[in-house]
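A.B. asks: Please see the structure below; I have some questions.
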Amino acid sequence: MSAPGDLGWVAYPPEGWEEISVMDERNTPMRTYQVCNVMEAYQNNWLRTSWIPRDGAHRIYIEIKFTLRDCNSLPGVPGTCKETFNIYYYESNNNNLWYIKESQYIKIDTIAADESFTQVDVGDRVMKLNTEVRDIGSLTKKGFYLAFQDVGACIALVSVRVYYKKCPLTIRNLAEFPDRVTEGDSSLVEVRGSCVNNSEEYDVPKMHCSADGGWLVPIGRCVCKPGYEEKRDACQPCRPGFYKASSMDAYCMKCPPHSYSHQESSSQCTCEKSYFRAETDPRAMPCTRPPTAPENPISTTNETSITLEWSPPRDSGGRNDIMYNIRCKRCVGDPRKCSLCGNGLHFIPHQFGLTYTKVLVTNLLPHTNYTFDLEALNGVSELSPSPKQYVSINVTTSQAAEAAVNVMLKERKSKDSITLAWQGPDHANGVIVEYEVIYYEKNQKDQNYTVLKTKSNSMTVDGLKPGTIYVFRVRAHTSGGHGTYGGEIELETSQEDMLAIGDPNQPTIMAVSVAGGIVLLIFLVTCFVVSGRHCGYIKAKQDPDEEKMQFHHGQVRLPGSRTYVHPHTYEDPNQAVRDFAKEIDASCIRIERVIGAGEFGEVCSGRLKLPGKREIYVAIKSLKAGYSEKQRRDFLSEASIMGQFDNPNIIRLEGVVTKCKPVMIITEYMENGSLDSFLRKRDGQFTVIQLVGMLRGIASGMKYLSDMNYIHRDLAARNILVNSNFVCKVSDFGLSRVLEDDPEAAYTTRGGKIPIRWTAPEAIAYRKFTSASDVWSYGIVMWEVMSYGERPYWEMSNQDVIKAIDEGYRLPAPMDCPAVLHQLMLDCWQKARGDRPKFGQIVNILDKLIRNPSCLKTLANDAACRSGNSLQDPCTPDSSAITTVDEWLDGIKMGQYKENFASAGYATLDTVVYINSSDLCRIGVTLVGHQKRILWSIQNLHTMASQMHGTHIQV
Ligand code: ACK
């Protein structure tokens with residue numbers, strides 16, 4: 001508080017605090033309150049401020065500037081001289097109290113000076129000011145009074161500033177977040193944003209206001225409506241000549257060729273005259289027009305069949321969806337006496353909607369004139385009012401060869417072949433040269449024909465798909481020409497190979513009568529056979545993780561490595577316990593006290609004295625009475641898993657008691673219990689190197705597990721145990737653990753129970769648990785360790801965590817966390833699991849850091865720029881201190897855009913931090929995935945910096 005005039009504060013008794021004007025160092029007058037009754041004992045001087053409205057704040061901060069005389073410097077003062085004063089408050093809805101009893105005030109604190117001064121030199125204008133800040137939380141009334149109690153010191157109160165903190169109005173992801181006063185306690189408050197003008201919600205925009213007045217964890221976003229694009233936190237209209245069709249498009253685009261927009265904020269461009277846009281055409285596609293007519297039609301006549309061929313139109317209208325229709329007219333005698341051909345003709349493959357420039361027409365009448373009109377169409381032909389353009393071709397047929405055949409079909413089927421047999425025609429019109437068998441998969445006629453020829457009366461067609469229906473037709477070829485194809489017969493291959501089904505000589509069902517005609521089929525053979533009748537079977541693509549594995553005892557394992565054996569692969573789970581856990585005689589165990597509760601019963605500490613060995617401290621998990629057989633199996637499964645491990649960073653199994661009740665699992669005793677509660681109790685008490693040492697131990701244990709192909713699925717600080725030397729060991733290997741035991745596990749939409757905050761997105765989404773998903777969890781454990789047991793993602797709901805992760809949000813660095821460690825966390829949280837480091841690499845990095853602690857000096861929240869791939873070497877300047885745009889882009893594996901950034905004028909990192917998605921589009925980063933990666937990295941460049949400090953208000 002500084003005020004040049006009369007402040008109107010109340011001082012009593014009157015001979016106590018005095019309001020005095022002094023000059024500050026710039027010679028401007030200012031008001032102070034002073035008291036200096038040091039010569040007399042029993043001072044009790046009060047100074048009370050006027051009423052201060054609370055203004056909705058929950059926590060109020062008071063900054064006091066004052067000077068205080070050192071008692072020793074005052075000559076002749078008695079021992080009652082003091083060097084402190086007290087500060088109090090009194091909450092009240094009433095702003096004109098004239099008297100408040102001393103006993104009604106609540107004490108805030110006793111204030112002592114950091115720097116007392118020894119001399120009062122009136123000429124010396126440079127005062128040694130002490131500044132102290134105190135706060136009061138949980139205020140509820142409309143306002144309050146502050147009071148300063150002097151008990152015999154020499155004080156000058158120079159300034160009192162009262163303020164509260166709020167998260168200031170801000171715009172993020174096109175959503176406006178209003179001023180928000182922080183809470184009295186340290187919780188994060190979720191605030192919903194409202195979309196800026198001309199934008200709409202894509203996903204509910206939310207941010208969290210922290211007690212410090214900073215905005216944290218933006219999730220959701222708004223997007224600019226069609227016709228608007230994002231520019232500097234606002235949605236600007238597209239200029240004339242530009243358009244934006246969908247709110248999901250990032251930026252306005254130039255109207256495509258043959259279209260225009262005369263207005264601002266167009267969501268699409270109008271086609272020029274004679275140009276059209278089909279309903280399904282993307283808005284970015286140029287407007288197009290119908291094609292011209294097909295060209296160069298030619299025909300080849302073979303008796304009563306005709307092959308027509310033509311060239312595509314000269315102008316396709318700008319599209320590539322050209323199709324052809326054929327109309328047929330039959331003209332008898334006078335060419336003007338034409339009628340439509342009717343349904344008797346066969347067009348192979350079709351009459352309408354042809355995509356090839358060739359068609360075979362059969363069943364024509366001999367010695368007849370036909371006119372075929374060929375027209376080309378495309379996706380906008382129907383939109384054009386102009387008549388379609390076509391080209392005509394006249395054709396005359398000749399005498400048909402007569403070759404009537406009766407074909408009998410016989411069959412023998414297997415998985416991939418069918419044998420057909422038939423009898424020759426009764427009255428062949430000439431000598432039979434050969435037979436043609438045409439077949440196709442039922443309903444696939446248009447895609448896949450095969451024509452086979454034989455001189456014999458039977459044929460085995462092989463290379464067929466199992467369990468598939470094929471359609472067969474047969475015709476004879478005589479010296480007079482081809483007969484027409486006979487009727488169809490449908491035959492199905494068997495599902496599995498059968499030795500012999502049916503007698504090949506046994507005639508089956510069908511006799512087909514075929515009327516002959518000569519047909520040229522060569523082009524059919526080329527068009528359809530070449531198009532590949534063998535679809536084959538697509539071999540299921542293997543996951544690269546799985547390729548190198550082989551099955552052993554029902555378990556996957558790497559060749560040559562020791563692999564953990566899942567207890568479920570034993571028919572008798574008790575055998576697994578016998579194989580991997582030592583039976584201990586209950587008389588060797590002394591239970592001392594209960595230390596916790598597990599899923600199956602109590603956890604106790606005690607001692608184990610095996611014959612011939614020294615006594616050791618152990619933890620004893622027991623199975624509570626009344627268990628089912630399944631519970632017993634699940635309980636002991638932890639022992640059969642743990643018993644397979646032997647590593648200093650994995651909790652060691654001493655043995656089991658199964659021969660008497662209660663059934664028990666005995667493990668080494670870890671004096672400091674679980675890591676999360678251990679760290680919470682010791683907040684701030686370890687050096688960074690000690691914390692890194694713990695992390696190294698956990699990573700080493702996890703490396704051992706992943707080398708054994710064991711996937712933990714619930715790696716979290718609560719499942720790490722700490723011994724008296726602060727060695728951390730991975731624990732909790734029960735089979736039902738992830739499903740039942742973990743209080744953090746929540747049901748997912750797919751039904752499984754998963755500890756969401758610790759679990760990789762692919763494991764949540766589709767249960768893809770791998771060592772890489774364990775690495776993600778390890779990153780969360782790193783964060784828990786570096787924040788001394790803070791809850792990951794604080795009070796956010798599980799749903800919000802999933803959404804935030806999906807949108808690229810990652811936990812910011814904990815307070816005082818070295819930049820390299822936060823970078824390593826971010827690496828563990830790569831979306832693509834293949835991009836995450838392996839546990840072996842993590843151990844190496846941590847080892848390097850421990851050998852080279854200077855690498856840990858740069859703190860994440862101080863680092864001007866953070867990014868890069870710390871896996872190469874966390875201490876090289878490249879990864880810990882990125883200074884150029886090129887280094888930054890290389891670091892986030894976006895080096896291919898260096899030129900785009902350079903030519904757009906982004907020369908230094910400080911110019912990059914303001915880039916948004918439209919800017920990225922404009923400079924040529926159009927892939928959404930790349931945009932996201934770059935924008936996340938930019939967000940990282942100033943994660944904490946952007947979390948503004950509280951707004952201070954003066955009263
Ligand atoms: O956090 P805590 O003290 O550590 O409380 C839990 C409790 O038992 C239930 O699991 C503690 N606990 C489990 N195993 C051990 C062990 N091997 N040594 C010491 N404490 C253990 C754990």
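Residues are referred to by chain and number: the chain letter is A, B, ... according to the order shown in the structure tokens, the number counts from 1 in that chain, and ligands are numbered separately from 1 in the order shown.
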Give the residue list for ligand 1 at 8 Å, counting only C-alpha atoms and all ligand atoms, as a ChimeraX atom specification, sorted by chain and then by residue number.

C.D. replies: /A:595-598,602-605,618-621,651,667-678,718,721-723,731

A.B. asks: Write out the residues from the selection above, keeping C-alpha atoms, as a compact mmCIF listing (two decimals), in the first residue's frame.

C.D. replies:
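Final output, saved to result.txt:
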# COMPACT_ATOMS: atom_id res chain seq x y z
CA ILE A 595 2.79 -53.76 8.11
CA GLY A 596 -0.03 -53.57 5.63
CA ALA A 597 -2.84 -55.25 3.82
CA GLY A 598 -2.57 -57.06 0.52
CA GLU A 602 -2.24 -59.23 5.75
CA VAL A 603 1.35 -58.31 5.05
CA CYS A 604 3.59 -58.74 8.10
CA SER A 605 7.23 -58.31 8.87
CA VAL A 618 11.44 -60.94 5.86
CA ALA A 619 8.04 -59.73 4.71
CA ILE A 620 5.29 -62.31 5.00
CA LYS A 621 2.17 -62.19 2.85
CA ILE A 651 12.19 -58.25 -4.87
CA THR A 667 10.13 -62.25 0.56
CA GLU A 668 13.07 -60.13 1.57
CA TYR A 669 12.12 -57.26 3.87
CA MET A 670 12.29 -53.73 2.48
CA GLU A 671 12.67 -51.39 5.42
CA ASN A 672 11.40 -48.25 3.73
CA GLY A 673 8.23 -49.74 2.28
CA SER A 674 6.80 -48.56 -1.00
CA LEU A 675 8.51 -45.83 -2.97
CA ASP A 676 5.60 -43.43 -3.34
CA SER A 677 4.86 -43.06 0.36
CA PHE A 678 8.59 -43.10 1.13
CA ARG A 718 3.56 -47.72 -5.29
CA LEU A 721 9.88 -51.18 -2.57
CA VAL A 722 12.81 -49.40 -0.95
CA ASN A 723 15.27 -50.97 1.48
CA SER A 731 7.64 -55.83 -6.80

A.B. asks: Which residue is closest to Asn95 (chain A)? Choose from A:Ala625, A:Ile52, A:Ala421, A:Ile802 and count only C-alpha atoms.

C.D. replies: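 Result for the nearest residue to Asn95 (chain A): A:Ile52.
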
A.B. asks: In Å to one decimal, how far is CA of Leu354 (chain A) from CA of Tyr390 (chain A)?

C.D. replies: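 Atom-to-atom, CA of Tyr390 (chain A) and CA of Leu354 (chain A) are spaced 14.4 Å apart.
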
A.B. asks: Pick out the closest residue to Asp732 (chain A) from this set: A:Ser637, A:Thr468, A:Thr569, A:Asn647. Count only C-alpha atoms.

C.D. replies: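 Of A:Ser637, A:Thr468, A:Thr569, A:Asn647, the one nearest Asp732 (chain A), counting only C-alpha atoms, is A:Ser637.
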
A.B. asks: For Ser199 (chain A), list every protein, DNA or RNA residue within 10 Å, evaluated using only C-alpha atoms, and leave out those in the same chain fewer than 6 positions away; present the list as a list in words.

C.D. replies: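 Skipping anything fewer than 6 positions along the chain leaves Leu174, Ala175, Arg221, Cys222, Val223, Cys224, Lys225, Pro226, Tyr228, Glu229, Glu230, Ala234, Cys235, Gln236 and Ser247 of chain A.
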
A.B. asks: Which polymer residues have any atom within 12 Å of an atom of Ser903 (chain A), counting only C-alpha atoms, with same-chain residues fewer than 4 positions away left out, as an mmCIF file with C-alpha atoms, in the first residue's frame?

C.D. replies:
data_model
loop_
_atom_site.group_PDB
_atom_site.id
_atom_site.type_symbol
_atom_site.label_atom_id
_atom_site.label_comp_id
_atom_site.auth_asym_id
_atom_site.auth_seq_id
_atom_site.Cartn_x
_atom_site.Cartn_y
_atom_site.Cartn_z
ATOM 1 C CA TYR A 897 11.200 -28.956 -43.011
ATOM 2 C CA LYS A 898 14.383 -26.969 -42.404
ATOM 3 C CA GLU A 899 14.145 -25.252 -45.765
ATOM 4 C CA ALA A 907 15.522 -17.822 -38.562
ATOM 5 C CA ARG A 922 1.315 -21.966 -45.134
ATOM 6 C CA ILE A 923 4.978 -22.828 -44.981
ATOM 7 C CA GLY A 924 4.262 -26.291 -46.338
#

A.B. asks: Work out how far apart CA of Tyr260 (chain A) and CA of Gly379 (chain A) are and give it in Å to one decimal.

C.D. replies: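 One can read the CA of Tyr260 (chain A) to CA of Gly379 (chain A) distance as 20.5 Å.
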
A.B. asks: Which of region 703-877 of chain A end up as helix (DSSP H, G or I) when DSSP is run on this backbone - answer as a PyMOL selection string?

C.D. replies: chain A and resi 703-707+717-719+737-741+756-758+761-766+771-786+798-806+819-828+833-835+839-851+853-856+877

A.B. asks: Within 6 Å of Gly152 (chain A), counting only C-alpha atoms, which residues show up once you throw out same-chain ones fewer than 3 positions away? Write them as a list of chain:residue names, please.

C.D. replies: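 Selected residues are A:Asn37, A:Val38, A:Gln43, A:Cys81, A:Lys82.
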
A.B. asks: Which residues come within 10 Å of Leu610 (chain A), counting only C-alpha atoms, excluding same-chain residues fewer than 2 positions away, as a list in words?

C.D. replies: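 Listing them by chain and then by number gives Ile584, Asp585, Ser587, Cys588, Ile589, Arg607, Leu608, Gly612, Lys613, Arg614, Glu615 and Ile616 of chain A.
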
A.B. asks: Take the residues that were just selected and, keeping N, CA, C and O atoms, output them as a PDB file, in the first residue's frame.

C.D. replies:
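What ended up in selection.pdb:
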ATOM      1  N   ILE A 584       9.057 -73.651   2.664  1.00  0.00           N
ATOM      2  CA  ILE A 584       9.705 -73.318   3.938  1.00  0.00           C
ATOM      3  C   ILE A 584       8.862 -73.914   5.058  1.00  0.00           C
ATOM      4  O   ILE A 584       7.623 -73.856   5.012  1.00  0.00           O
ATOM      5  N   ASP A 585       9.542 -74.427   6.043  1.00  0.00           N
ATOM      6  CA  ASP A 585       8.843 -74.969   7.214  1.00  0.00           C
ATOM      7  C   ASP A 585       8.370 -73.792   8.065  1.00  0.00           C
ATOM      8  O   ASP A 585       9.156 -72.896   8.397  1.00  0.00           O
ATOM      9  N   SER A 587       7.861 -73.408  10.993  1.00  0.00           N
ATOM     10  CA  SER A 587       8.530 -73.210  12.285  1.00  0.00           C
ATOM     11  C   SER A 587       9.768 -72.319  12.153  1.00  0.00           C
ATOM     12  O   SER A 587      10.306 -71.831  13.143  1.00  0.00           O
ATOM     13  N   CYS A 588      10.233 -72.104  10.939  1.00  0.00           N
ATOM     14  CA  CYS A 588      11.419 -71.251  10.736  1.00  0.00           C
ATOM     15  C   CYS A 588      11.053 -69.769  10.714  1.00  0.00           C
ATOM     16  O   CYS A 588      11.904 -68.896  10.600  1.00  0.00           O
ATOM     17  N   ILE A 589       9.735 -69.478  10.735  1.00  0.00           N
ATOM     18  CA  ILE A 589       9.307 -68.087  10.552  1.00  0.00           C
ATOM     19  C   ILE A 589       8.778 -67.536  11.865  1.00  0.00           C
ATOM     20  O   ILE A 589       8.021 -68.205  12.572  1.00  0.00           O
ATOM     21  N   ARG A 607      10.914 -62.565  10.954  1.00  0.00           N
ATOM     22  CA  ARG A 607      12.259 -63.089  10.720  1.00  0.00           C
ATOM     23  C   ARG A 607      12.192 -64.521  10.213  1.00  0.00           C
ATOM     24  O   ARG A 607      11.265 -65.256  10.550  1.00  0.00           O
ATOM     25  N   LEU A 608      13.205 -64.868   9.435  1.00  0.00           N
ATOM     26  CA  LEU A 608      13.290 -66.224   8.897  1.00  0.00           C
ATOM     27  C   LEU A 608      14.640 -66.792   9.286  1.00  0.00           C
ATOM     28  O   LEU A 608      15.685 -66.169   9.026  1.00  0.00           O
ATOM     29  N   GLY A 612      21.194 -73.690   9.277  1.00  0.00           N
ATOM     30  CA  GLY A 612      22.520 -73.468   8.692  1.00  0.00           C
ATOM     31  C   GLY A 612      22.703 -72.104   8.090  1.00  0.00           C
ATOM     32  O   GLY A 612      23.734 -71.812   7.477  1.00  0.00           O
ATOM     33  N   LYS A 613      21.656 -71.233   8.193  1.00  0.00           N
ATOM     34  CA  LYS A 613      21.795 -69.890   7.610  1.00  0.00           C
ATOM     35  C   LYS A 613      21.548 -68.867   8.687  1.00  0.00           C
ATOM     36  O   LYS A 613      20.914 -69.175   9.710  1.00  0.00           O
ATOM     37  N   ARG A 614      22.016 -67.637   8.423  1.00  0.00           N
ATOM     38  CA  ARG A 614      21.785 -66.628   9.453  1.00  0.00           C
ATOM     39  C   ARG A 614      20.343 -66.115   9.349  1.00  0.00           C
ATOM     40  O   ARG A 614      19.725 -66.190   8.277  1.00  0.00           O
ATOM     41  N   GLU A 615      19.874 -65.594  10.461  1.00  0.00           N
ATOM     42  CA  GLU A 615      18.493 -65.112  10.516  1.00  0.00           C
ATOM     43  C   GLU A 615      18.370 -63.828   9.670  1.00  0.00           C
ATOM     44  O   GLU A 615      19.254 -62.975   9.721  1.00  0.00           O
ATOM     45  N   ILE A 616      17.321 -63.728   8.920  1.00  0.00           N
ATOM     46  CA  ILE A 616      17.113 -62.500   8.131  1.00  0.00           C
ATOM     47  C   ILE A 616      15.702 -61.950   8.368  1.00  0.00           C
ATOM     48  O   ILE A 616      14.801 -62.691   8.755  1.00  0.00           O
TER      49      ILE A 616
END

A.B. asks: Taking into account only C-alpha atoms, which residue in the set A:Leu452, A:Ile665, A:Ala586, A:Ala250 is nearest to Ser622 (chain A)?

C.D. replies: A:Ile665

A.B. asks: Find the residues around Leu636 (chain A) up to 10 Å (only C-alpha atoms counted), leave out those fewer than 4 positions away in its own chain, and share them as a JSON list (two decimals) with all heavy atoms, in the first residue's frame.

C.D. replies:
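Result saved to out19.json:
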[["chain", "number", "residue", "atom", "x", "y", "z"],
["A", 567, "PRO", "N", 2.86, -69.10, -15.14],
["A", 567, "PRO", "CA", 2.31, -70.23, -14.37],
["A", 567, "PRO", "C", 1.10, -70.87, -15.04],
["A", 567, "PRO", "O", 0.87, -72.06, -14.88],
["A", 567, "PRO", "CB", 1.90, -69.60, -13.04],
["A", 567, "PRO", "CG", 2.60, -68.30, -12.97],
["A", 567, "PRO", "CD", 2.93, -67.88, -14.36],
["A", 573, "PRO", "N", -0.99, -75.85, -11.55],
["A", 573, "PRO", "CA", -0.29, -74.66, -11.08],
["A", 573, "PRO", "C", 0.56, -74.93, -9.83],
["A", 573, "PRO", "O", 1.56, -74.26, -9.60],
["A", 573, "PRO", "CB", -1.41, -73.67, -10.76],
["A", 573, "PRO", "CG", -2.66, -74.28, -11.23],
["A", 573, "PRO", "CD", -2.44, -75.72, -11.52],
["A", 574, "ASN", "N", 0.18, -75.96, -9.07],
["A", 574, "ASN", "CA", 0.98, -76.29, -7.89],
["A", 574, "ASN", "C", 2.38, -76.74, -8.30],
["A", 574, "ASN", "O", 3.34, -76.56, -7.57],
["A", 574, "ASN", "CB", 0.31, -77.39, -7.07],
["A", 574, "ASN", "CG", -0.97, -76.85, -6.46],
["A", 574, "ASN", "OD1", -1.00, -75.71, -6.00],
["A", 574, "ASN", "ND2", -2.02, -77.65, -6.50],
["A", 576, "ALA", "N", 4.03, -75.48, -10.76],
["A", 576, "ALA", "CA", 4.81, -74.25, -11.00],
["A", 576, "ALA", "C", 5.37, -73.75, -9.69],
["A", 576, "ALA", "O", 6.54, -73.35, -9.60],
["A", 576, "ALA", "CB", 3.92, -73.19, -11.65],
["A", 577, "VAL", "N", 4.55, -73.79, -8.63],
["A", 577, "VAL", "CA", 5.02, -73.33, -7.32],
["A", 577, "VAL", "C", 6.18, -74.22, -6.88],
["A", 577, "VAL", "O", 7.22, -73.73, -6.43],
["A", 577, "VAL", "CB", 3.88, -73.35, -6.28],
["A", 577, "VAL", "CG1", 4.37, -72.87, -4.93],
["A", 577, "VAL", "CG2", 2.72, -72.49, -6.76],
["A", 581, "ALA", "N", 9.45, -72.12, -6.38],
["A", 581, "ALA", "CA", 9.50, -71.56, -5.02],
["A", 581, "ALA", "C", 9.88, -72.65, -4.04],
["A", 581, "ALA", "O", 9.43, -73.79, -4.15],
["A", 581, "ALA", "CB", 8.13, -70.98, -4.66],
["A", 623, "LEU", "N", -2.33, -65.75, 3.08],
["A", 623, "LEU", "CA", -3.63, -65.92, 2.41],
["A", 623, "LEU", "C", -4.69, -66.07, 3.49],
["A", 623, "LEU", "O", -4.60, -66.99, 4.32],
["A", 623, "LEU", "CB", -3.56, -67.17, 1.52],
["A", 623, "LEU", "CG", -4.82, -67.55, 0.76],
["A", 623, "LEU", "CD1", -5.26, -66.45, -0.18],
["A", 623, "LEU", "CD2", -4.57, -68.84, -0.04],
["A", 630, "LYS", "N", -9.27, -71.05, -6.47],
["A", 630, "LYS", "CA", -8.75, -70.08, -7.46],
["A", 630, "LYS", "C", -7.92, -69.00, -6.76],
["A", 630, "LYS", "O", -6.87, -68.61, -7.24],
["A", 630, "LYS", "CB", -9.91, -69.46, -8.23],
["A", 630, "LYS", "CG", -9.42, -68.48, -9.27],
["A", 630, "LYS", "CD", -10.50, -67.89, -10.12],
["A", 630, "LYS", "CE", -9.94, -66.92, -11.12],
["A", 630, "LYS", "NZ", -9.14, -65.84, -10.54],
["A", 631, "GLN", "N", -8.45, -68.54, -5.62],
["A", 631, "GLN", "CA", -7.70, -67.51, -4.88],
["A", 631, "GLN", "C", -6.34, -68.05, -4.45],
["A", 631, "GLN", "O", -5.34, -67.34, -4.53],
["A", 631, "GLN", "CB", -8.50, -67.06, -3.66],
["A", 631, "GLN", "CG", -9.61, -66.09, -4.02],
["A", 631, "GLN", "CD", -10.48, -65.78, -2.83],
["A", 631, "GLN", "OE1", -10.83, -66.67, -2.06],
["A", 631, "GLN", "NE2", -10.83, -64.52, -2.67],
["A", 632, "ARG", "N", -6.32, -69.31, -4.01],
["A", 632, "ARG", "CA", -5.05, -69.90, -3.58],
["A", 632, "ARG", "C", -4.06, -69.93, -4.76],
["A", 632, "ARG", "O", -2.90, -69.57, -4.64],
["A", 632, "ARG", "CB", -5.30, -71.31, -3.05],
["A", 632, "ARG", "CG", -4.06, -72.01, -2.56],
["A", 632, "ARG", "CD", -4.41, -73.41, -2.06],
["A", 632, "ARG", "NE", -3.30, -74.05, -1.40],
["A", 632, "ARG", "CZ", -2.34, -74.73, -2.02],
["A", 632, "ARG", "NH1", -2.39, -74.86, -3.33],
["A", 632, "ARG", "NH2", -1.36, -75.28, -1.34],
["A", 640, "SER", "N", 5.30, -68.09, -7.88],
["A", 640, "SER", "CA", 5.92, -68.83, -8.99],
["A", 640, "SER", "C", 6.47, -67.89, -10.05],
["A", 640, "SER", "O", 7.35, -68.27, -10.81],
["A", 640, "SER", "CB", 5.01, -69.90, -9.59],
["A", 640, "SER", "OG", 3.68, -69.60, -9.41],
["A", 641, "ILE", "N", 6.01, -66.67, -10.08],
["A", 641, "ILE", "CA", 6.62, -65.70, -11.01],
["A", 641, "ILE", "C", 7.90, -65.14, -10.37],
["A", 641, "ILE", "O", 8.99, -65.19, -10.95],
["A", 641, "ILE", "CB", 5.63, -64.56, -11.33],
["A", 641, "ILE", "CG1", 4.44, -65.13, -12.11],
["A", 641, "ILE", "CG2", 6.32, -63.47, -12.14],
["A", 641, "ILE", "CD1", 3.30, -64.15, -12.30],
["A", 642, "MET", "N", 7.75, -64.64, -9.14],
["A", 642, "MET", "CA", 8.88, -63.99, -8.47],
["A", 642, "MET", "C", 10.06, -64.95, -8.33],
["A", 642, "MET", "O", 11.22, -64.56, -8.43],
["A", 642, "MET", "CB", 8.41, -63.55, -7.08],
["A", 642, "MET", "CG", 8.99, -62.25, -6.62],
["A", 642, "MET", "SD", 8.59, -61.94, -4.90],
["A", 642, "MET", "CE", 6.86, -62.07, -4.82],
["A", 656, "VAL", "N", 7.91, -70.27, 0.11],
["A", 656, "VAL", "CA", 6.47, -70.29, 0.39],
["A", 656, "VAL", "C", 6.17, -71.31, 1.49],
["A", 656, "VAL", "O", 6.96, -72.22, 1.73],
["A", 656, "VAL", "CB", 5.66, -70.68, -0.87],
["A", 656, "VAL", "CG1", 5.70, -69.62, -1.91],
["A", 656, "VAL", "CG2", 6.16, -72.02, -1.45],
["A", 657, "VAL", "N", 5.06, -71.08, 2.15],
["A", 657, "VAL", "CA", 4.56, -72.10, 3.08],
["A", 657, "VAL", "C", 3.24, -72.57, 2.50],
["A", 657, "VAL", "O", 2.28, -71.79, 2.41],
["A", 657, "VAL", "CB", 4.35, -71.50, 4.49],
["A", 657, "VAL", "CG1", 3.75, -72.55, 5.42],
["A", 657, "VAL", "CG2", 5.65, -70.96, 5.04],
["A", 658, "THR", "N", 3.19, -73.80, 2.02],
["A", 658, "THR", "CA", 1.94, -74.29, 1.43],
["A", 658, "THR", "C", 1.43, -75.54, 2.16],
["A", 658, "THR", "O", 0.30, -75.95, 1.97],
["A", 658, "THR", "CB", 2.12, -74.65, -0.07],
["A", 658, "THR", "OG1", 3.07, -75.71, -0.16],
["A", 658, "THR", "CG2", 2.60, -73.48, -0.88],
["A", 663, "VAL", "N", -1.42, -70.24, 4.24],
["A", 663, "VAL", "CA", -0.46, -70.28, 3.14],
["A", 663, "VAL", "C", 0.27, -68.94, 3.13],
["A", 663, "VAL", "O", -0.36, -67.89, 3.30],
["A", 663, "VAL", "CB", -1.20, -70.53, 1.82],
["A", 663, "VAL", "CG1", -0.26, -70.45, 0.65],
["A", 663, "VAL", "CG2", -1.88, -71.89, 1.86],
["A", 664, "MET", "N", 1.60, -68.97, 2.97],
["A", 664, "MET", "CA", 2.37, -67.72, 3.05],
["A", 664, "MET", "C", 3.39, -67.60, 1.92],
["A", 664, "MET", "O", 3.87, -68.61, 1.42],
["A", 664, "MET", "CB", 3.12, -67.66, 4.39],
["A", 664, "MET", "CG", 2.21, -67.49, 5.59],
["A", 664, "MET", "SD", 3.16, -67.30, 7.09],
["A", 664, "MET", "CE", 3.29, -68.96, 7.64],
["A", 665, "ILE", "N", 3.67, -66.34, 1.58],
["A", 665, "ILE", "CA", 4.77, -66.06, 0.64],
["A", 665, "ILE", "C", 5.78, -65.22, 1.43],
["A", 665, "ILE", "O", 5.41, -64.20, 2.03],
["A", 665, "ILE", "CB", 4.28, -65.27, -0.59],
["A", 665, "ILE", "CG1", 3.27, -66.11, -1.37],
["A", 665, "ILE", "CG2", 5.44, -64.86, -1.47],
["A", 665, "ILE", "CD1", 2.67, -65.36, -2.57],
["A", 734, "GLY", "N", 1.74, -60.42, -8.91],
["A", 734, "GLY", "CA", 0.56, -61.31, -8.88],
["A", 734, "GLY", "C", -0.17, -61.30, -10.21],
["A", 734, "GLY", "O", -0.15, -60.32, -10.94],
["A", 735, "LEU", "N", -0.82, -62.41, -10.52],
["A", 735, "LEU", "CA", -1.52, -62.50, -11.80],
["A", 735, "LEU", "C", -2.79, -61.67, -11.83],
["A", 735, "LEU", "O", -3.13, -61.05, -12.82],
["A", 735, "LEU", "CB", -1.89, -63.96, -12.09],
["A", 735, "LEU", "CG", -0.76, -64.82, -12.60],
["A", 735, "LEU", "CD1", -1.30, -66.17, -12.96],
["A", 735, "LEU", "CD2", -0.11, -64.18, -13.81]]

A.B. asks: Could you tell me which of A:Ala832, A:Cys36, A:Val688, A:Val359 comes closest to Asp150 (chain A) if we count only C-alpha atoms?

C.D. replies: A:Cys36

A.B. asks: How many Å separate CA of Thr288 (chain A) from CA of Met253 (chain A)?

C.D. replies: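 One can read the CA of Thr288 (chain A) to CA of Met253 (chain A) distance as 18.3 Å.
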
A.B. asks: Pull the strand (DSSP E or B) assignments for region 691-809 of chain A out of DSSP run on the backbone, and list those residues as a PyMOL selection string.

C.D. replies: chain A and resi 720-722+728-730+746-747+753-754
